[in-house]
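What follows is the content of upload_31.tsv, which has TSV, C-alpha atoms:
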chain	number	residue	atom	x	y	z
A	33	MET	CA	144.47	-184.19	-71.49
A	34	ASN	CA	147.43	-182.25	-72.75
A	35	ILE	CA	149.45	-180.39	-70.14
A	36	ASP	CA	152.31	-178.11	-71.13
A	37	PRO	CA	154.72	-178.74	-68.23
A	38	ARG	CA	157.17	-175.92	-69.03
A	39	PRO	CA	155.42	-172.94	-67.37
A	40	SER	CA	155.56	-174.75	-64.00
A	41	VAL	CA	159.34	-174.21	-63.70
A	42	ILE	CA	159.66	-170.65	-65.01
A	43	ALA	CA	159.19	-169.06	-61.58
A	44	GLU	CA	161.84	-171.49	-60.29
A	45	ARG	CA	164.29	-170.34	-62.97
A	46	LEU	CA	163.73	-166.67	-62.06
A	47	LYS	CA	163.52	-167.07	-58.29
A	48	ASN	CA	167.02	-165.75	-57.64
A	49	VAL	CA	166.65	-162.76	-59.95
A	50	LYS	CA	166.11	-159.66	-57.84
A	51	ARG	CA	164.83	-157.29	-60.54
A	52	VAL	CA	163.62	-157.77	-64.09
A	53	ILE	CA	163.80	-154.65	-66.27
A	54	ALA	CA	161.85	-154.93	-69.53
A	55	VAL	CA	163.20	-152.38	-72.01
A	56	THR	CA	160.21	-151.75	-74.23
A	57	GLY	CA	159.15	-149.27	-76.84
A	58	TRP	CA	156.27	-149.34	-79.16
A	59	LYS	CA	158.03	-148.43	-82.36
A	60	GLY	CA	160.93	-150.08	-84.15
A	61	GLY	CA	164.24	-148.34	-84.59
A	62	ILE	CA	164.11	-146.15	-81.49
A	63	GLY	CA	167.10	-147.72	-79.78
A	64	LYS	CA	165.65	-150.39	-77.49
A	65	SER	CA	168.39	-152.93	-78.14
A	66	VAL	CA	171.23	-150.44	-77.78
A	67	THR	CA	169.63	-149.16	-74.57
A	68	ALA	CA	169.06	-152.66	-73.16
A	69	ALA	CA	172.56	-153.94	-73.98
A	70	THR	CA	174.32	-150.77	-72.79
A	71	LEU	CA	172.26	-150.75	-69.59
A	72	ALA	CA	173.33	-154.37	-68.96
A	73	LEU	CA	177.00	-153.45	-69.52
A	74	LEU	CA	176.69	-150.42	-67.19
A	75	LEU	CA	175.09	-152.51	-64.45
A	76	ALA	CA	177.74	-155.23	-64.75
A	77	LYS	CA	180.48	-152.61	-64.63
A	78	ARG	CA	179.02	-151.25	-61.41
A	79	GLY	CA	179.37	-154.71	-59.90
A	80	TYR	CA	175.79	-155.92	-60.21
A	81	LYS	CA	175.19	-159.51	-61.28
A	82	THR	CA	173.47	-158.89	-64.59
A	83	GLY	CA	171.74	-160.86	-67.30
A	84	LEU	CA	170.55	-159.77	-70.74
A	85	PHE	CA	167.85	-161.71	-72.59
A	86	ASP	CA	167.17	-160.67	-76.19
A	87	LEU	CA	163.49	-161.43	-76.73
A	88	ASP	CA	163.27	-159.74	-80.11
A	89	PHE	CA	163.44	-163.00	-82.05
A	90	ALA	CA	162.67	-161.48	-85.45
A	91	GLY	CA	165.15	-158.64	-85.06
A	92	ALA	CA	167.67	-159.99	-82.55
A	93	SER	CA	170.52	-157.50	-82.35
A	94	GLY	CA	171.80	-157.52	-78.75
A	95	HIS	CA	174.76	-159.66	-79.91
A	96	LEU	CA	175.66	-156.99	-82.48
A	97	VAL	CA	175.56	-154.20	-79.89
A	98	LEU	CA	177.78	-156.25	-77.58
A	99	GLY	CA	180.01	-157.62	-80.33
A	100	ALA	CA	179.40	-161.08	-78.90
A	101	LYS	CA	180.64	-163.73	-81.31
A	102	GLY	CA	181.24	-167.46	-81.06
A	103	LEU	CA	179.26	-167.88	-77.85
A	104	PHE	CA	177.00	-170.77	-76.92
A	105	PRO	CA	175.22	-171.65	-73.67
A	106	LYS	CA	176.60	-174.47	-71.53
A	107	GLU	CA	174.41	-177.51	-71.03
A	108	GLU	CA	174.07	-178.04	-67.29
A	109	LYS	CA	170.67	-179.02	-65.90
A	110	GLY	CA	169.30	-176.74	-68.60
A	111	LEU	CA	171.22	-174.05	-70.43
A	112	GLU	CA	173.60	-171.69	-68.65
A	113	PRO	CA	173.95	-168.43	-70.58
A	114	PRO	CA	177.51	-167.55	-71.63
A	115	VAL	CA	179.07	-164.67	-69.71
A	116	TYR	CA	180.28	-161.85	-71.94
A	117	GLU	CA	181.85	-158.68	-70.52
A	118	GLY	CA	180.38	-159.61	-67.14
A	119	VAL	CA	176.86	-160.05	-68.55
A	120	LYS	CA	175.03	-163.39	-68.76
A	121	PHE	CA	173.66	-163.23	-72.27
A	122	MET	CA	170.88	-165.25	-73.88
A	123	SER	CA	169.62	-164.82	-77.42
A	124	VAL	CA	167.86	-166.80	-80.10
A	125	VAL	CA	170.87	-166.17	-82.37
A	126	PHE	CA	172.72	-168.95	-80.54
A	127	PHE	CA	170.30	-171.35	-82.20
A	128	SER	CA	169.66	-169.72	-85.57
A	129	GLU	CA	173.17	-169.50	-87.06
A	130	ASN	CA	172.36	-165.85	-87.79
A	131	LYS	CA	169.63	-166.87	-90.21
A	132	ALA	CA	166.12	-165.43	-90.29
A	133	VAL	CA	163.70	-166.74	-87.66
A	134	PRO	CA	160.30	-166.60	-89.41
A	135	LEU	CA	157.92	-167.26	-86.52
A	136	ARG	CA	154.20	-166.66	-86.19
A	137	GLY	CA	152.89	-165.34	-82.87
A	138	ALA	CA	152.09	-168.68	-81.25
A	139	ASN	CA	155.54	-169.99	-82.24
A	140	VAL	CA	157.22	-166.95	-80.69
A	141	SER	CA	155.37	-167.64	-77.48
A	142	ASP	CA	156.37	-171.32	-77.57
A	143	ALA	CA	160.04	-170.42	-78.10
A	144	ILE	CA	159.98	-167.87	-75.26
A	145	ILE	CA	158.40	-170.37	-72.88
A	146	GLU	CA	160.97	-172.99	-73.91
A	147	LEU	CA	163.90	-170.64	-73.26
A	148	LEU	CA	162.44	-169.36	-69.98
A	149	ALA	CA	161.96	-172.97	-68.83
A	150	ILE	CA	165.44	-174.22	-69.69
A	151	THR	CA	167.65	-171.18	-69.00
A	152	GLN	CA	169.43	-171.33	-65.66
A	153	TRP	CA	170.12	-167.69	-64.82
A	154	GLY	CA	171.28	-168.40	-61.28
A	155	GLU	CA	171.66	-165.42	-58.97
A	156	LEU	CA	171.16	-162.03	-60.60
A	157	ASP	CA	170.65	-158.50	-59.32
A	158	PHE	CA	169.20	-157.51	-62.68
A	159	LEU	CA	167.82	-159.32	-65.68
A	160	VAL	CA	167.43	-156.86	-68.56
A	161	LEU	CA	164.94	-157.92	-71.23
A	162	ASP	CA	165.33	-156.51	-74.73
A	163	MET	CA	161.71	-156.55	-75.89
A	164	PRO	CA	160.43	-156.53	-79.46
A	165	PRO	CA	158.41	-153.47	-80.47
A	166	GLY	CA	154.74	-153.33	-79.56
A	167	ILE	CA	152.45	-155.36	-77.37
A	168	ASN	CA	152.62	-158.85	-78.71
A	169	ASP	CA	153.36	-162.37	-77.61
A	170	ALA	CA	156.69	-161.46	-76.03
A	171	ALA	CA	155.20	-158.59	-74.00
A	172	LEU	CA	152.22	-160.66	-72.90
A	173	ASP	CA	154.43	-163.62	-71.96
A	174	VAL	CA	156.72	-161.41	-69.89
A	175	MET	CA	153.71	-160.05	-68.00
A	176	ARG	CA	152.47	-163.60	-67.50
A	177	PHE	CA	155.71	-165.23	-66.41
A	178	ALA	CA	158.01	-162.51	-65.08
A	179	ARG	CA	155.60	-161.02	-62.60
A	180	GLY	CA	157.10	-157.96	-61.01
A	181	ALA	CA	158.98	-157.05	-64.19
A	182	GLU	CA	159.43	-153.29	-64.37
A	183	VAL	CA	159.06	-151.49	-67.67
A	184	LEU	CA	161.60	-149.01	-68.96
A	185	ALA	CA	159.78	-147.36	-71.85
A	186	VAL	CA	162.00	-146.00	-74.61
A	187	THR	CA	160.68	-143.37	-76.97
A	188	ALA	CA	162.08	-141.04	-79.60
A	189	PRO	CA	161.41	-137.36	-80.32
A	190	SER	CA	158.63	-137.97	-82.81
A	191	LEU	CA	154.92	-137.35	-82.65
A	192	LEU	CA	154.33	-140.94	-83.75
A	193	ALA	CA	156.49	-142.49	-81.04
A	194	HIS	CA	154.96	-140.30	-78.33
A	195	ASP	CA	151.38	-140.95	-79.29
A	196	VAL	CA	151.86	-144.71	-79.45
A	197	LEU	CA	153.73	-144.60	-76.16
A	198	GLU	CA	150.92	-142.82	-74.36
A	199	ARG	CA	148.49	-145.55	-75.34
A	200	SER	CA	150.93	-148.22	-74.15
A	201	LEU	CA	151.48	-146.54	-70.79
A	202	GLU	CA	147.75	-146.48	-70.23
A	203	LEU	CA	147.62	-150.20	-70.95
A	204	TYR	CA	150.46	-150.99	-68.53
A	205	LYS	CA	148.65	-148.95	-65.88
A	206	LYS	CA	145.45	-150.95	-66.43
A	207	LEU	CA	147.37	-154.22	-66.24
A	208	GLY	CA	149.16	-153.14	-63.07
A	209	VAL	CA	152.64	-153.41	-64.62
A	210	PRO	CA	155.09	-151.04	-62.89
A	211	VAL	CA	156.68	-148.49	-65.20
A	212	LEU	CA	160.07	-147.16	-64.13
A	213	GLY	CA	159.74	-144.23	-66.47
A	214	VAL	CA	159.90	-142.96	-70.00
A	215	LEU	CA	163.32	-142.50	-71.54
A	216	GLU	CA	163.52	-140.22	-74.56
A	217	ASN	CA	166.30	-141.49	-76.78
A	218	MET	CA	167.97	-139.56	-79.63
A	219	SER	CA	166.84	-136.40	-77.91
A	220	ALA	CA	167.84	-132.98	-79.21
A	221	GLY	CA	168.17	-131.43	-75.75
A	222	THR	CA	168.16	-132.20	-72.08
A	223	ARG	CA	164.42	-131.78	-71.59
A	224	ALA	CA	161.65	-133.59	-73.35
A	225	LYS	CA	157.92	-133.33	-72.96
A	226	GLY	CA	156.41	-136.44	-71.36
A	227	ALA	CA	159.78	-138.07	-70.65
A	228	ASP	CA	161.25	-138.80	-67.21
A	229	ALA	CA	164.82	-138.98	-68.46
A	230	VAL	CA	166.67	-138.04	-71.61
A	231	VAL	CA	169.45	-139.60	-73.64
A	232	ARG	CA	170.83	-137.17	-76.20
A	233	ARG	CA	171.57	-138.02	-79.81
A	234	ASP	CA	175.17	-139.21	-79.93
A	235	PRO	CA	176.84	-139.15	-83.37
A	236	GLY	CA	179.66	-141.30	-82.00
A	237	LEU	CA	177.40	-144.15	-80.92
A	238	GLU	CA	177.26	-146.05	-84.23
A	239	ARG	CA	181.07	-146.38	-84.36
A	240	ALA	CA	181.14	-147.85	-80.84
A	241	LEU	CA	178.61	-150.61	-81.54
A	242	GLY	CA	180.11	-154.05	-81.12
A	243	ARG	CA	182.90	-152.79	-78.83
A	244	PRO	CA	181.78	-152.82	-75.18
A	245	ALA	CA	184.66	-150.68	-73.85
A	246	ALA	CA	184.07	-148.03	-76.52
A	247	LEU	CA	180.32	-148.22	-75.97
A	248	LEU	CA	180.72	-147.54	-72.25
A	249	GLY	CA	182.84	-144.50	-73.13
A	250	THR	CA	180.16	-142.83	-75.28
A	251	ALA	CA	178.07	-139.80	-74.35
A	252	PHE	CA	175.09	-142.13	-74.89
A	253	ALA	CA	176.28	-144.42	-72.08
A	254	ALA	CA	176.96	-141.43	-69.79
A	255	ASP	CA	173.43	-140.12	-70.36
A	256	LEU	CA	171.99	-143.60	-69.88
A	257	ALA	CA	173.88	-144.03	-66.59
A	258	ARG	CA	172.43	-140.74	-65.35
A	259	ALA	CA	168.96	-141.83	-66.49
A	260	ALA	CA	169.35	-145.19	-64.68
A	261	ASP	CA	170.14	-143.32	-61.46
A	262	LYS	CA	167.28	-140.90	-61.95
A	263	LEU	CA	164.75	-143.64	-62.68
A	264	GLY	CA	165.79	-145.65	-59.64
A	265	ILE	CA	167.37	-148.58	-61.48
A	266	THR	CA	170.66	-147.79	-59.80
A	267	ARG	CA	170.75	-145.63	-56.75
E	2	MET	CA	171.90	-182.43	-70.46
E	3	HIS	CA	169.26	-179.79	-70.88
E	4	GLU	CA	166.75	-182.65	-70.58
E	5	TRP	CA	167.09	-182.18	-66.81
E	6	ALA	CA	165.25	-178.83	-66.95
E	7	LEU	CA	162.37	-180.36	-68.92
E	8	ALA	CA	162.25	-183.41	-66.63
E	9	GLU	CA	161.92	-181.05	-63.68
E	10	SER	CA	159.03	-179.29	-65.42
E	11	VAL	CA	157.28	-182.63	-66.00
E	12	ILE	CA	157.58	-183.90	-62.41
E	13	LYS	CA	156.67	-180.52	-60.91
E	14	SER	CA	153.73	-180.06	-63.24
E	15	ALA	CA	152.47	-183.62	-62.65
E	16	VAL	CA	152.55	-183.12	-58.87
E	17	GLU	CA	150.78	-179.74	-59.13
E	18	HIS	CA	148.04	-181.06	-61.43
E	19	ALA	CA	147.56	-184.16	-59.25
E	20	GLY	CA	147.08	-181.78	-56.31
E	21	ALA	CA	144.57	-179.72	-58.28
E	22	GLN	CA	142.66	-182.90	-59.19
E	23	GLN	CA	142.77	-183.97	-55.53
E	24	LEU	CA	144.64	-187.17	-56.31
E	25	LYS	CA	146.03	-188.44	-53.03
E	26	LYS	CA	148.59	-190.66	-54.64
E	27	LEU	CA	150.09	-190.09	-58.05
E	28	LYS	CA	150.60	-193.52	-59.61
E	29	GLU	CA	151.32	-192.91	-63.27
E	30	THR	CA	152.10	-189.96	-65.54
E	31	GLY	CA	151.95	-190.20	-69.31
E	32	VAL	CA	154.71	-188.21	-71.00
E	33	LEU	CA	154.70	-187.49	-74.72
E	34	PHE	CA	158.01	-186.87	-76.47
E	35	GLY	CA	157.51	-184.94	-79.68
E	36	GLU	CA	159.64	-186.43	-82.42
E	37	LEU	CA	160.82	-182.97	-83.52
E	38	GLN	CA	162.65	-182.14	-80.27
E	39	ALA	CA	164.42	-185.52	-80.14
E	40	ILE	CA	164.72	-185.69	-76.35
E	41	ASP	CA	167.11	-188.37	-75.07
E	42	LYS	CA	164.86	-190.80	-73.19
E	43	GLU	CA	167.69	-192.26	-71.12
E	44	ILE	CA	168.96	-188.88	-69.86
E	45	PHE	CA	165.40	-187.68	-69.23
E	46	SER	CA	164.53	-190.81	-67.22
E	47	PHE	CA	167.78	-190.52	-65.25
E	48	ALA	CA	166.93	-186.89	-64.40
E	49	LEU	CA	163.44	-187.91	-63.29
E	50	GLU	CA	164.91	-190.49	-60.90
E	51	GLU	CA	167.28	-187.87	-59.49
E	52	LEU	CA	164.44	-185.36	-59.08
E	53	ARG	CA	162.03	-187.80	-57.40
E	54	ALA	CA	163.58	-187.12	-53.98
E	55	GLN	CA	162.59	-183.44	-54.22
E	56	PHE	CA	158.97	-184.30	-55.03
E	57	PRO	CA	157.66	-186.76	-52.40
E	58	ALA	CA	154.20	-186.83	-54.03
E	59	ALA	CA	155.79	-188.45	-57.09
E	60	ARG	CA	157.87	-190.94	-55.13
E	61	ASP	CA	156.04	-194.00	-56.46
E	62	CYS	CA	154.87	-192.51	-59.74
E	63	LYS	CA	155.62	-194.39	-62.94
E	64	PHE	CA	156.46	-192.16	-65.90
E	65	LYS	CA	155.34	-193.76	-69.14
E	66	ILE	CA	157.06	-192.14	-72.10
E	67	THR	CA	155.55	-192.38	-75.60
E	68	LEU	CA	157.02	-190.96	-78.79
E	69	GLU	CA	154.65	-188.75	-80.74
E	70	PRO	CA	155.52	-188.57	-84.46
E	71	ALA	CA	155.90	-185.03	-85.80
E	72	ALA	CA	153.44	-183.81	-88.41
E	73	PHE	CA	153.56	-180.50	-90.26
E	74	ARG	CA	151.01	-178.58	-92.30
E	75	CYS	CA	152.20	-175.92	-94.72
E	76	LYS	CA	150.33	-172.64	-94.39
E	77	ALA	CA	151.33	-171.55	-97.88
E	78	CYS	CA	150.25	-174.63	-99.91
E	79	SER	CA	148.36	-176.78	-97.32
E	80	HIS	CA	150.70	-179.74	-97.92
E	81	GLU	CA	150.95	-182.11	-94.94
E	82	PHE	CA	154.30	-183.77	-94.32
E	83	PRO	CA	156.23	-185.78	-91.71
E	84	LEU	CA	159.69	-185.09	-90.25
E	85	LYS	CA	161.23	-188.04	-92.06
E	86	GLY	CA	162.89	-186.95	-95.26
E	87	LEU	CA	163.42	-183.31	-94.22
E	88	ARG	CA	167.11	-182.50	-94.53
E	89	LYS	CA	169.00	-180.94	-91.63
E	90	THR	CA	172.62	-180.88	-90.51
E	91	LYS	CA	173.77	-182.21	-87.16
E	92	ASP	CA	174.08	-178.65	-85.83
E	93	GLU	CA	170.64	-177.70	-87.10
E	94	ALA	CA	169.16	-180.80	-85.43
E	95	GLU	CA	170.81	-179.76	-82.17
E	96	PHE	CA	169.40	-176.21	-82.38
E	97	ILE	CA	165.92	-177.67	-82.99
E	98	HIS	CA	166.51	-179.97	-80.01
E	99	PHE	CA	167.00	-176.91	-77.77
E	100	VAL	CA	164.30	-174.72	-79.34
E	101	PRO	CA	161.93	-176.69	-81.63
E	102	GLU	CA	160.71	-173.44	-83.26
E	103	MET	CA	164.09	-173.29	-85.01
E	104	ALA	CA	162.44	-175.79	-87.37
E	105	HIS	CA	161.08	-172.70	-89.13
E	106	THR	CA	164.62	-171.48	-89.70
E	107	PHE	CA	166.10	-174.75	-90.93
E	108	LEU	CA	163.24	-176.82	-92.38
E	109	LYS	CA	161.01	-176.11	-95.36
E	110	CYS	CA	157.82	-177.48	-96.83
E	111	PRO	CA	159.07	-180.20	-99.24
E	112	LYS	CA	156.48	-179.17	-101.82
E	113	CYS	CA	156.67	-175.35	-101.99
E	114	LYS	CA	159.84	-174.65	-99.88
E	115	SER	CA	157.99	-172.30	-97.50
E	116	PRO	CA	159.17	-172.02	-93.88
E	117	ASP	CA	155.62	-170.96	-92.94
E	118	PHE	CA	154.25	-174.28	-91.72
E	119	GLU	CA	152.38	-175.38	-88.64
E	120	ILE	CA	153.80	-177.99	-86.28
E	121	ALA	CA	150.54	-179.89	-86.00
E	122	ARG	CA	151.86	-182.68	-83.75
E	123	GLY	CA	155.02	-183.95	-82.12
E	124	ARG	CA	156.70	-180.68	-81.15
E	125	GLY	CA	158.12	-181.19	-77.68
E	126	VAL	CA	157.48	-182.59	-74.22
E	127	SER	CA	153.96	-182.73	-72.79
E	128	ILE	CA	151.90	-184.67	-70.25
E	129	ASN	CA	148.96	-186.59	-71.73
E	130	TYR	CA	147.49	-188.28	-68.64
E	131	LEU	CA	147.74	-188.64	-64.88
E	132	LYS	CA	146.59	-191.68	-62.90
E	133	GLY	CA	146.19	-191.77	-59.16
E	134	GLU	CA	144.01	-192.54	-56.18
E	135	LYS	CA	141.41	-190.03	-55.06
Show the structure stored in the file as structure tokens.
Amino acid sequence: MNIDPRPSVIAERLKNVKRVIAVTGWKGGIGKSVTAATLALLLAKRGYKTGLFDLDFAGASGHLVLGAKGLFPKEEKGLEPPVYEGVKFMSVVFFSENKAVPLRGANVSDAIIELLAITQWGELDFLVLDMPPGINDAALDVMRFARGAEVLAVTAPSLLAHDVLERSLELYKKLGVPVLGVLENMSAGTRAKGADAVVRRDPGLERALGRPAALLGTAFAADLARAADKLGITR
Amino acid sequence: MHEWALAESVIKSAVEHAGAQQLKKLKETGVLFGELQAIDKEIFSFALEELRAQFPAARDCKFKITLEPAAFRCKACSHEFPLKGLRKTKDEAEFIHFVPEMAHTFLKCPKCKSPDFEIARGRGVSINYLKGEK
């Protein structure tokens, strides 16, 4: 007999989280992390109790978007995520000293289960998950453990991103995972084929990375706030 | 004491599995501590005692903790090696204590220096047996 006890407490850890928003996208480099982190900042600014969990272990970058440095969770009947700019933030970078995290799939899954089992999120209106690209261990684990998680699918104006996205949406439909909508990032205009909301390309975004106040002042954040309203994240 | 969260998972899981196996009374639970995660036995046991009140089915259960030595197998060169002798700082040991997979960030195969190894045994906390009355 070998029982992994950790999954038994994951529902307990998430029981006071009202909504889990999984920011996914099936290609790398389309702005998932910037979207997830900025969405978390916007929600916190609007007074919602918000958490952000960076599940992209290989390419963790939520801390760079937020400019979060020198943080570490507090040990208290598990780990309490540090609060940064009103957002409870958890990331593998707290444990990796900003070094590479070379994990195979099963190890990724083990690390996700460990962090889900020991992280005490407390009461949250929203937990935003910054997902790694593709359908992999992180995506499957979120579907397994965070039942009721709603997908915010990010895409970019490229044939490749759209085609891959269509396949993924079909899969989510089959699996019964609710999809909030498709957000076209880096868009050239205000309308995009196959997208439910649009965030326009913002040349000023790169300069604002790492500075939450500046980030919230970008055209990117304004578009994202409108998209969040439109997609029913905020009403 | 993040051990508390893992102790809760052990007691909750033991009670649930005892229920699934239709054990009326849970008498003993075997807990394995993987050497890699270096869980503090005293804190863990203290947490279990505190949690017992919330889980009446485990009120009289004895938790028998055994240390499982860690064993690694390198995927690059197939070398098998133990934890002893692998160098890590105090901070690195603490990060591995929280998330054992950080071993791949801080530890290397002593023979070929690859971080691509398998944790064959002794990773973290698990339950290896349940004893009770049917």
A:Val140, A:Ile167, A:Ala90, A:Met122 ranked by distance to chain E, top pick (using only C-alpha atoms):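 Comparing A:Val140, A:Ile167, A:Ala90, A:Met122 against chain E, the winner is A:Val140.
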Pairwise distance for CA of Ile35 in chain A and CA of Pro105 in chain A, rounded to one decimal in Å: 27.4 Å
For Val100 in chain E: contacts at 10 Å, only C-alpha atoms, fewer than 3 positions along chain excluded, given as a PDB file with C-alpha atoms, in the frame of the given file:
ATOM      1  CA  VAL A 124     167.860-166.800 -80.100  1.00  0.00           C
ATOM      2  CA  PHE A 127     170.300-171.350 -82.200  1.00  0.00           C
ATOM      3  CA  SER A 128     169.660-169.720 -85.570  1.00  0.00           C
ATOM      4  CA  ASP A 142     156.370-171.320 -77.570  1.00  0.00           C
ATOM      5  CA  ALA A 143     160.040-170.420 -78.100  1.00  0.00           C
ATOM      6  CA  ILE A 144     159.980-167.870 -75.260  1.00  0.00           C
ATOM      7  CA  ILE A 145     158.400-170.370 -72.880  1.00  0.00           C
ATOM      8  CA  GLU A 146     160.970-172.990 -73.910  1.00  0.00           C
ATOM      9  CA  LEU A 147     163.900-170.640 -73.260  1.00  0.00           C
ATOM     10  CA  ILE A 150     165.440-174.220 -69.690  1.00  0.00           C
TER      11      ILE A 150
ATOM     12  CA  LEU E  37     160.820-182.970 -83.520  1.00  0.00           C
ATOM     13  CA  GLN E  38     162.650-182.140 -80.270  1.00  0.00           C
ATOM     14  CA  ALA E  94     169.160-180.800 -85.430  1.00  0.00           C
ATOM     15  CA  GLU E  95     170.810-179.760 -82.170  1.00  0.00           C
ATOM     16  CA  PHE E  96     169.400-176.210 -82.380  1.00  0.00           C
ATOM     17  CA  ILE E  97     165.920-177.670 -82.990  1.00  0.00           C
ATOM     18  CA  MET E 103     164.090-173.290 -85.010  1.00  0.00           C
ATOM     19  CA  ALA E 104     162.440-175.790 -87.370  1.00  0.00           C
ATOM     20  CA  ARG E 124     156.700-180.680 -81.150  1.00  0.00           C
ATOM     21  CA  GLY E 125     158.120-181.190 -77.680  1.00  0.00           C
TER      22      GLY E 125
END
Proximal residues of chain A relative to chain E (only C-alpha atoms; 9 Å) as JSON, numbers by chain: {"A": [33, 34, 35, 36, 37, 38, 39, 40, 41, 42, 107, 108, 109, 110, 111, 124, 126, 127, 128, 129, 131, 132, 133, 134, 135, 136, 139, 140, 142, 143, 146, 147, 149, 150, 151, 152]}
Protein, DNA and RNA residues within 8 Å of (174.4, -155.0, -77.9), all atoms listed in the file, as a list in words: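 Those residues, ordered by chain and then number, are Ser65, Val66, Ala68, Ala69, Thr70, Ser93, Gly94, His95, Leu96, Val97, Leu98, Gly99, Ala100, Leu241 and Gly242 of chain A.
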Atomic separation - CA of Ala224 in chain A relative to CA of Val55 in chain A, Å: 18.9 Å
